[in-house]
Number of protein chains: 2
Amino acid sequence: MASLSDIGVAAGFNVLTAVAFLLAFAFLRLQPINDRVYFPKWYLRGMRDNPIVSGAAVQKFVNLDGRSYLKFLNWMPAALKMPQDELINHAGLDSVVYLRIYITGLKIFVPITVLAFLVLVPVNWTSDTLGHNNVVYSPIDKLSISNVPNGSKRFIAHLSMAYVITFWTCYVLFKEYEIISNMRLRFLASEKRRPDQFTVLVRNIPPDPDESISELVEHFFLVNHPDHYLRHQVVYNANKLADLVEKKKKMQNWLDYYRLKYERNPSERPTTKTGFLGCFGSKVDAIDYYKSEIEKIGKEEAEERKKVMKDPKSVVPAAFVSFRSRWGAAVCAQTQQTSNPTVWLTEWAPEPRDVYWNNLSIPFVSLTVRRLIIAVAFFFLNFFYIIPITLVQSLANLEGIEKALPFLKPLIELPFIKSFIQGFLPGIALKIFLIVLPTILMFMSKFEGLISQSSLERRSASKYYIFLFFNVFLTSVIAGSALEQLKTYLHTSANDIPRIIGDSIPMKATFFITYVMVDGWTGIAGEILRLKPLIFFHLKNLFLVKTEKDREEAMDPGSICFDSTEPRIQLYFLLGLVYAAVTPFLLPFILVFFGFAYVVFRHQIINVYNQQYESAAQFWPSVHGRIITALIVSQLLLLGLMSTNDFEQSTPVLLVLPVLTFWFYKYCKNRFEPAFVRNPLQEAMKKDTLERAREPNFDLKAYLANSYLHPVFKGDEGDDRYSVVDDEGWMEEEVIVPTKRHSRRTTPAQSKHEGSDSLSVPESQR
Amino acid sequence: MASLSDIGVAAGFNVLTAVAFLLAFAFLRLQPINDRVYFPKWYLRGMRDNPIVSGAAVQKFVNLDGRSYLKFLNWMPAALKMPQDELINHAGLDSVVYLRIYITGLKIFVPITVLAFLVLVPVNWTSDTLGHNNVVYSPIDKLSISNVPNGSKRFIAHLSMAYVITFWTCYVLFKEYEIISNMRLRFLASEKRRPDQFTVLVRNIPPDPDESISELVEHFFLVNHPDHYLRHQVVYNANKLADLVEKKKKMQNWLDYYRLKYERNPSERPTTKTGFLGCFGSKVDAIDYYKSEIEKIGKEEAEERKKVMKDPKSVVPAAFVSFRSRWGAAVCAQTQQTSNPTVWLTEWAPEPRDVYWNNLSIPFVSLTVRRLIIAVAFFFLNFFYIIPITLVQSLANLEGIEKALPFLKPLIELPFIKSFIQGFLPGIALKIFLIVLPTILMFMSKFEGLISQSSLERRSASKYYIFLFFNVFLTSVIAGSALEQLKTYLHTSANDIPRIIGDSIPMKATFFITYVMVDGWTGIAGEILRLKPLIFFHLKNLFLVKTEKDREEAMDPGSICFDSTEPRIQLYFLLGLVYAAVTPFLLPFILVFFGFAYVVFRHQIINVYNQQYESAAQFWPSVHGRIITALIVSQLLLLGLMSTNDFEQSTPVLLVLPVLTFWFYKYCKNRFEPAFVRNPLQEAMKKDTLERAREPNFDLKAYLANSYLHPVFKGDEGDDRYSVVDDEGWMEEEVIVPTKRHSRRTTPAQSKHEGSDSLSVPESQR
């Protein structure tokens with residue numbers, strides 16, 4: 001059990017580290033040479049070309065203006081200055097709503113903290129159980145519920161606090177959901193014309209012996225959406241081609257590297273070896289070698305490109321179908337097309353840059369099988385991954401180290417080192433283990449067959465949250481690996497599980513305080529420093545960059561990484577809600593996290609991150625759901641804790657809370673979630689009508705051309721490739737595709753779509 | 001513990017009762033006087049006017065043809081003769097698919113029974129544990145799993161049997177789902193033109209200060225579905241009016257009764273008393289009294305009718321909106337209309353006769369609150385209703401009775417009476433308690449706010465199933481009231497619950513065998529006798545019937561009562577699946593039930609029942625889901641049973657089954673359920689195109705007029721009332737409703753809909 005002074009040492013250490021990081025950041029960001037590391041967003045938006053410095057050559061790399069160093073925290077007010085609307089414009093709605101998660105945290109916890117310190121802390125402090133017991137408690141525990149004697153009437157304060165917390169949290173969540181769904185609707189309504197507004201993704205197109213996929217799609221939609229269908233884009237299986245392009249790019253990098261080397265040192269022509277990693281095999285001239293390699297791959301690529309275009313087998317049974325109006329697309333996306341719900345599946349097309357191309361062709365049965373496999377695999381990952389973590393954690397406690405490495409004993413016993421180990425190591429050990437995890441989870445989500453980056457990130461995020469809940473939160477609380485927990489859950493009654501966990505909640509407060517400081521304070525300060533991108537940028541700069549364009553490419557703005565950052569924020573919600581009625585002392589630490597992280601991420605979003613896609617805050621329902629989960633967990637744990645404290649009459653009173661909270665969740669789901677999933681016809685119609693009035697002659701067909709082409713076909717080289725695709729994938733307006741089939745008698749024999757009379761009806765239907 | 005001879009006595013008794021019922025039925029149905037009780041369906045379909053008997057007057061009432069009595073079972077082959085397509089035509093798809101539940105039962109259990117008797121019975125029989133123990137077991141147990149020694153390798157047979165049962169059941173369920181969804185699609189495709197195909201129910205129309213609901217609806221759909229909107233019908237809150245009509249009808253019945261009485265005995269004018277139930281108050285001339293009463297109510301009714309028509313407050317914020325095509329209706333029903341998902345809720349309109357009018361006006365928030373209230377209420381009903389049942393059941397065991405009423409002891413000890421009590425009473429006690437339940441559950445479902453009879457019945461059915469599961473199945477197995485069970489579940493680990501229940505499964509086999517015989521054999525035989533309708537028909541005939549029309553109304557064909565009969569069938573599925581691997585001896589009893597009930601219900605559906613609505617087998621997904629539930633329960637219980645029998649190595653092997661079964665459930669849900677919920681556009685388009693080709697000038701608007709009028713406005717009296725509604729509720733084609741509002745600038749200024757050119761577009765959109 002860490003004492004108050006341990007916490008103090010840990011706090012001091014973390015604050016110092018954080019300040020050091022901030023100072024380093026303040027110093028580094030002022031150096032012009034790092035400008036592209038710390039302000040890439042502005043370069044990408046074309047609002048900055050070069051570091052805004054004039055003067056001597058040396059000033060291009062180092063900032064010599066002494067005064068600017070004095071104001072090392074002045075990025076903070078700057079980050080807060082940009083108004084919300086401008087920020088949405090600048091960084092997109094996703095980023096702004098992401099920041100709102102922190103705001104929600106502040107909104108929930110500031111009043112709760114104040115109230116808890118006004119009510120609970122005095123109640124706990126003036127009780128006096130701990131004095132009479134022999135167990136050694138830290139002063140923090142005097143502030144916590146452990147100090148209240150069993151069965152005391154004082155627990156009524158905690159009960160009412162639980163009610164207040166529940167209602168306040170639900171109130172804030174409701175308001176936030178309302179605000180964010182309004183923001184989303186306003187954002188969608190104010191959006192400019194975008195291809196995805198008119199487009200629907202059709203998957204699982206059934207094979208047809210008579211017609212190609214492209215013909216099939218056209219016929220199907222001409223028949224079933226005669227007034228609205230405009231054109232379609234088939235999807236090519238270009239995975240191999242994309243690999244080749246990738247490989248060529250890597251070779252090009254090497255070529256650039258050797259050329260630069262040669263330029264700098266013209267006396268010696270660089271060589272390389274042809275074998276594995278350039279370490280084995282025969283020695284060759286590097287520049288010639290990579291040139292010839294690039295040529296070879298280039299040829300292969302051209303061939304593959306041709307093959308993909310010509311071979312009907314490289315067309316996957318999916319297509320992007322565009323409509324004449326947003327209304328038509330909204331209708332098609334929300335309706336079922338045929339009586340067989342496993343074919344002709346339509347859904348709103350993701351933004352072109354949000355599409356995850358590899359998964360577009362997975363058939364229906366395979367999708368459900370994959371989901372089962374991943375569910376089982378994730379179950380095992382969740383309950384077995386823990387073994388290494390617990391190993392390290394058990395080492396990281398003092399007795400563990402002393403047993404494992406007895407010769408360290410004298411060193412460890414030094415008071416400072418002891419505090420350091422206790423305050424710092426458990427957190428950092430966990431941290432390292434958690435870094436590799438998101439990649440695995442993302443791989444799992446990809447295997448599941450989701451078709452957009454944004455949905456992949458959302459799915460990974462929920463997996464990660466479940467993982468954190470069992471492997472960080474519960475493991476730390478009941479100090480058993482997830483595997484042991486699994487045994488406990490199976491062998492303990494439903495009644496006893498919250499009791500067991502609730503009972504040990506108060507004792508773990510100090511551990512979580514250090515965790516919050518390490519992960520939430522120092523970690524966030526580290527985030528702003530961007531060490532990894534900094535190093536990589538300078539390495540690239542040194543070895544690869546020749547032109548400005550190369551330098552542009554060497555920038556790595558990164559993005560929010562919703563899949564790994566959001567679940568971590570959720571952990572703070574969970575900790576805050578669980579400890580709010582138990583150990584209010586933990587709350588200020590969480591408040592600092594929320595406030596600090598808000599400022600840091602606002603700065604990063606303004607200056608650094610470049611989101612890969614825009615989902616218009618589609619992730620909010622899951623954020624909301626997870627906070628609700630945390631709330632219900634906190635209620636159940638309090639219930640368990642109360643019943644171990646001989647205050648069992650509280651059970652029915654507390655049992656009301658999860659029921660009400662769950663109902664609130666259901667209500668919000670019905671009330672708000674559709675706004676994040678479906679597309680209301682009224683809004684579509686409004687935009688259509690407005691646009692038709694403003695630009696009656698707009699050529700939508702030309703506008704939509706190629707917008708849903710696989711990115712490898714969109715390279716900056718060779719415009720001739722476009723035309724090939726155009727001829728193949730898109731049916732020309734005048735062309736009438738004669739159906740090769742005789743069974744489909746309801747197909748209108750001929751469909752005319754004169755450009756201007758865009759809503760005319762095929763003759764046969766008049 | 002009942003012995004084999006107890007079972008024999010119970011079986012004999014039940015078979016005798018069943019045969020007696022069947023004989024009584026055979027006798028009664030041949031009497032012309034009962035013709036309307038046993039063949040009402042034919043009368044309702046207009047295929048029978050009078051008993052098909054010619055001859056003397058007495059033959060109108062009694063069948064004197066001796067030979068017809070000899071063939072007292074000949075209704076059975078007759079019931080089986082009608083081919084399926086004819087049956088669908090005759091009774092609707094709902095009834096036919098309802099019969100398929102029994103067929104599914106036979107398909108699942110015939111092969112399982114054969115296999116179990118070939119494999120498990122020998123395995124169980126040749127083991128010999130029970131001989132060595134002192135516990136008294138019945139010979140039935142020698143056939144059951146209890147006879148296999150703990151930890152024996154023989155359990156492998158039961159394990160493999162569990163696998164076979166799972167795969168076979170899933171296979172049959174999959175095939176059935178496929179067949180039934182095809183039947184549904186074929187049925188829907190072949191259906192004649194029906195108003196609900198073109199109509200969508202819109203609920204939660206937001207109030208508007210400027211416009212009436214009718215105007216609002218028209219404007220909204222003219223704007224958002226300009227090419228498809230045809231007309232709409234507002235919904236009146238006619239609950240009070242319906243009450244008045246009901247009251248008037250009752251008075252009319254009394255008037256008829258007294259008139260008939262007076263006719264038969266003209267010497268004495270009948271009198272009645274004006275007070276409660278005609279027993280108190282002053283004595284008056286009955287005929288005059290009821291005449292004046294009817295007049296009074298008639299006036300009130302006319303006034304109320306006028307008020308409902310004129311008062312805008314009696315229009316509830318819901319409307320039936322009809323479209324020009326099925327495609328338009330399918331689109332509107334499946335899409336979200338506005339950005340606020342709590343208003344303008346659209347769903348496929350139920351058939352006119354299926355609409356539950358009282359619930360059409362419940363607002364969104366109220367709906368979710370009601371759902372919460374009912375969830376909590378049902379929880380309490382489920383876990384507290386049991387107290388009286390257990391009381392009776394504990395009395396119905398021998399020791400209980402002997403203790404409670406010691407003077408009965410000598411009587412009870414007679415072997416025959418003993419067997420009778422043990423074999424018969426527990427079942428019948430349960431039965432009586434269960435009769436009143438469906439009414440309560442239906443009331444709960446109505447309170448929840450569902451808007452169609454069919455969905456009400458489906459919802460009640462799932463509640464009833466849950467009730468039966470806890471209060472009949474589990475209560476009988478672990479012999480504790482649901483309340484005690486609740487305690488057990490809370491205080492026992494998740495691991496031990498299936499163990500506790502599974503352990504007592506084999507010992508309860510005999511109880512369930514008697515239950516099957518009482519409920520499944522005798523009960524079904526009682527069903528065909530129709531005692532209650534028989535008595536009521538003759539009473540009405542005696543006191544109320546004057547004309548043929550009255551006689552028509554005195555018929556009570558009844559209907560299947562899906563909400564109470566289906567869950568009871570599910571109980572047999574549950575028993576069959578649970579005991580298949582444990583006590584195969586129970587299976588033949590269940591087979592007899594499925595076969596016998598199939599024949600009886602086929603007969604009833606052909607000759608008696610008159611379904612109130614047609615949902616085209618929409619209930620199948622829940623039937624499927626409940627059989628899957630039973631399967632998973634059986635797997636978990638077997639798992640528990642195995643682990644108490646020291647065969648714990650089976651746990652992982654058996655744990656695979658529920659996971660796979662659940663996955664199968666999810667797969668089927670995705671694969672088939674949409675066909676039962678949504679309306680594919682392709683089918684709609686097909687029907688539209690066909691119909692447009694066949695009847696290009698069909699006046700759909702006239703066809704749809706009044707089809708969704710509240711039934712009280714559809715009385716056979718006063719055609720003038722129709723026209724009133726027509727003027728009020730339906731907008732005339734030529735009328736242009738000038739909007740009173742200025743904010744809605746996107747409304748097309750004027751919308752023209754020329755009759756023939758049905759797909760023309762408003763000028764403003766060209």
# chains A, B, ... in the order shown; residues from 1 in each chain; ligands from 1
>>> interface_residues(of="chain A", to="chain B", cutoff="6 Å", atoms="only C-alpha atoms", output="list in words")
Asn224, Gln334, Thr335, Gln336, Gln337, Thr338, Ser339, Leu490, His491, Thr492, Ser493, Ala494, Asn495, Pro680, Leu681 and Gln682 of chain A
>>> select_by_dssp(residues="stretch 230-262 of chain A", states="alpha helix (DSSP H)", output="compact mmCIF listing (two decimals) with N, CA, C and O atoms, in the first residue's frame")
# COMPACT_ATOMS: atom_id res chain seq x y z
N ASN A 239 -5.88 -5.45 -55.41
CA ASN A 239 -4.98 -5.61 -54.27
C ASN A 239 -3.56 -5.90 -54.72
O ASN A 239 -2.60 -5.34 -54.18
N LYS A 240 -3.41 -6.76 -55.75
CA LYS A 240 -2.07 -7.10 -56.22
C LYS A 240 -1.41 -5.86 -56.84
O LYS A 240 -0.24 -5.59 -56.60
N LEU A 241 -2.22 -5.14 -57.60
CA LEU A 241 -1.71 -3.93 -58.24
C LEU A 241 -1.24 -2.93 -57.19
O LEU A 241 -0.17 -2.32 -57.30
N ALA A 242 -2.03 -2.80 -56.13
CA ALA A 242 -1.66 -1.87 -55.06
C ALA A 242 -0.35 -2.30 -54.42
O ALA A 242 0.50 -1.46 -54.10
N ASP A 243 -0.17 -3.63 -54.26
CA ASP A 243 1.10 -4.12 -53.72
C ASP A 243 2.27 -3.71 -54.60
O ASP A 243 3.31 -3.27 -54.11
N LEU A 244 2.07 -3.87 -55.93
CA LEU A 244 3.14 -3.53 -56.86
C LEU A 244 3.49 -2.05 -56.77
O LEU A 244 4.66 -1.66 -56.76
N VAL A 245 2.45 -1.22 -56.71
CA VAL A 245 2.67 0.22 -56.62
C VAL A 245 3.47 0.54 -55.36
O VAL A 245 4.42 1.34 -55.38
N GLU A 246 3.08 -0.13 -54.30
CA GLU A 246 3.75 0.08 -53.02
C GLU A 246 5.23 -0.30 -53.12
O GLU A 246 6.12 0.44 -52.68
N LYS A 247 5.46 -1.45 -53.75
CA LYS A 247 6.82 -1.96 -53.89
C LYS A 247 7.68 -1.00 -54.72
O LYS A 247 8.83 -0.70 -54.38
N LYS A 248 7.07 -0.49 -55.79
CA LYS A 248 7.78 0.43 -56.67
C LYS A 248 8.18 1.69 -55.91
O LYS A 248 9.29 2.19 -56.05
N LYS A 249 7.24 2.13 -55.06
CA LYS A 249 7.51 3.35 -54.31
C LYS A 249 8.70 3.14 -53.37
O LYS A 249 9.57 4.01 -53.22
N LYS A 250 8.77 1.95 -52.78
CA LYS A 250 9.87 1.65 -51.86
C LYS A 250 11.20 1.66 -52.62
O LYS A 250 12.20 2.22 -52.16
N MET A 251 11.17 1.05 -53.78
CA MET A 251 12.37 1.02 -54.61
C MET A 251 12.80 2.45 -54.97
O MET A 251 13.98 2.79 -54.96
N GLN A 252 11.83 3.25 -55.30
CA GLN A 252 12.09 4.64 -55.66
C GLN A 252 12.77 5.35 -54.49
O GLN A 252 13.72 6.11 -54.68
N ASN A 253 12.31 5.05 -53.28
CA ASN A 253 12.93 5.63 -52.09
C ASN A 253 14.41 5.27 -52.01
O ASN A 253 15.26 6.11 -51.74
N TRP A 254 14.69 3.97 -52.25
CA TRP A 254 16.08 3.54 -52.19
C TRP A 254 16.91 4.24 -53.25
O TRP A 254 18.03 4.67 -53.00
N LEU A 255 16.32 4.33 -54.44
CA LEU A 255 17.01 4.98 -55.54
C LEU A 255 17.35 6.43 -55.15
O LEU A 255 18.49 6.89 -55.33
N ASP A 256 16.36 7.10 -54.59
CA ASP A 256 16.58 8.48 -54.17
C ASP A 256 17.70 8.55 -53.15
O ASP A 256 18.56 9.41 -53.21
N TYR A 257 17.66 7.60 -52.22
CA TYR A 257 18.66 7.59 -51.16
C TYR A 257 20.07 7.47 -51.75
O TYR A 257 20.97 8.23 -51.42
N TYR A 258 20.23 6.53 -52.68
CA TYR A 258 21.56 6.32 -53.25
C TYR A 258 21.98 7.48 -54.14
O TYR A 258 23.16 7.84 -54.20
N ARG A 259 21.04 8.04 -54.84
CA ARG A 259 21.36 9.18 -55.69
C ARG A 259 21.87 10.34 -54.84
O ARG A 259 22.86 10.99 -55.17
N LEU A 260 21.17 10.58 -53.75
CA LEU A 260 21.55 11.67 -52.85
C LEU A 260 22.94 11.43 -52.30
O LEU A 260 23.78 12.33 -52.22
N LYS A 261 23.18 10.17 -51.93
CA LYS A 261 24.47 9.77 -51.40
C LYS A 261 25.56 10.06 -52.44
O LYS A 261 26.64 10.57 -52.10
N TYR A 262 25.25 9.71 -53.67
CA TYR A 262 26.20 9.88 -54.76
C TYR A 262 26.46 11.36 -55.00
O TYR A 262 27.60 11.80 -55.19
>>> atom_distance(atom1="atom CA of B:Phe187", atom2="atom CA of B:Glu614")
11.0 Å
>>> closest_residue(among="A:Ser454, A:Ser445, A:Asn541, A:Gln84", to="A:Ile560", atoms="only C-alpha atoms")
A:Ser454
>>> closest_residue(among="B:Ile7, B:Leu641, B:Ile421, B:Met183", to="B:Met517", atoms="only C-alpha atoms")
B:Ile7
>>> select_by_dssp(residues="stretch 16-249 of chain A", states="strand (DSSP E)", output="ChimeraX atom specification")
/A:199-203,229-236
>>> atom_distance(atom1="atom CA of A:Gly502", atom2="atom CA of A:Tyr515")
19.1 Å
>>> residues_around(residues="B:Tyr665", least_positions_apart="4", cutoff="7 Å", atoms="only C-alpha atoms", output="PyMOL selection string")
chain B and resi 628+661+669
>>> residues_around(residues="A:His90", least_positions_apart="2", cutoff="10 Å", atoms="only C-alpha atoms", output="ChimeraX atom specification")
/A:41-42,45,82,84-88,92-93,95-96,605-607,610
>>> write_last_selection(atoms="N, CA and C atoms", output="compact mmCIF listing (two decimals), in the first residue's frame")
# COMPACT_ATOMS: atom_id res chain seq x y z
N LYS A 41 -0.28 20.28 -40.41
CA LYS A 41 -1.64 20.55 -40.85
C LYS A 41 -1.70 21.81 -41.72
N TRP A 42 -0.94 22.81 -41.33
CA TRP A 42 -0.98 24.07 -42.07
C TRP A 42 -0.33 23.92 -43.43
N ARG A 45 -2.82 22.13 -45.63
CA ARG A 45 -3.92 22.99 -46.06
C ARG A 45 -3.41 24.10 -46.97
N MET A 82 -9.16 29.32 -31.28
CA MET A 82 -9.95 29.11 -32.51
C MET A 82 -11.41 28.75 -32.18
N GLN A 84 -15.26 27.30 -32.50
CA GLN A 84 -15.65 25.95 -32.90
C GLN A 84 -15.96 25.83 -34.39
N ASP A 85 -16.69 26.81 -34.92
CA ASP A 85 -17.08 26.71 -36.34
C ASP A 85 -15.87 26.71 -37.24
N GLU A 86 -14.91 27.57 -36.88
CA GLU A 86 -13.69 27.62 -37.68
C GLU A 86 -12.94 26.29 -37.57
N LEU A 87 -12.97 25.73 -36.35
CA LEU A 87 -12.27 24.47 -36.12
C LEU A 87 -12.89 23.35 -36.95
N ILE A 88 -14.21 23.35 -37.04
CA ILE A 88 -14.89 22.34 -37.86
C ILE A 88 -14.44 22.48 -39.30
N GLY A 92 -12.48 19.38 -39.52
CA GLY A 92 -13.56 18.41 -39.70
C GLY A 92 -14.32 18.18 -38.42
N LEU A 93 -15.52 17.63 -38.59
CA LEU A 93 -16.38 17.44 -37.44
C LEU A 93 -15.87 16.33 -36.53
N SER A 95 -12.93 15.54 -35.59
CA SER A 95 -11.95 16.02 -34.62
C SER A 95 -12.62 16.85 -33.55
N VAL A 96 -13.54 17.70 -33.96
CA VAL A 96 -14.18 18.59 -32.99
C VAL A 96 -15.01 17.77 -32.00
N ILE A 605 -4.87 18.98 -32.98
CA ILE A 605 -5.85 18.94 -34.07
C ILE A 605 -5.72 20.18 -34.95
N ILE A 606 -5.41 21.30 -34.31
CA ILE A 606 -5.26 22.52 -35.11
C ILE A 606 -3.99 22.48 -35.94
N ASN A 607 -2.89 22.02 -35.32
CA ASN A 607 -1.59 22.18 -35.96
C ASN A 607 -1.03 20.92 -36.59
N ASN A 610 -3.94 15.16 -39.38
CA ASN A 610 -4.65 15.29 -40.64
C ASN A 610 -5.54 14.07 -40.78
>>> residues_around(residues="stretch 595-604 of chain B", least_positions_apart="3", cutoff="7 Å", atoms="only C-alpha atoms", output="VMD selection string")
chain B and resid 76 79 to 80 99 102 524 528 591 to 592 607 to 609
>>> residues_around(residues="stretch 165-171 of chain B", least_positions_apart="6", cutoff="9 Å", atoms="only C-alpha atoms", output="PyMOL selection string")
chain B and resi 107-109+111-112+577+580-581+627-628+631-632+635+657+661+664-665
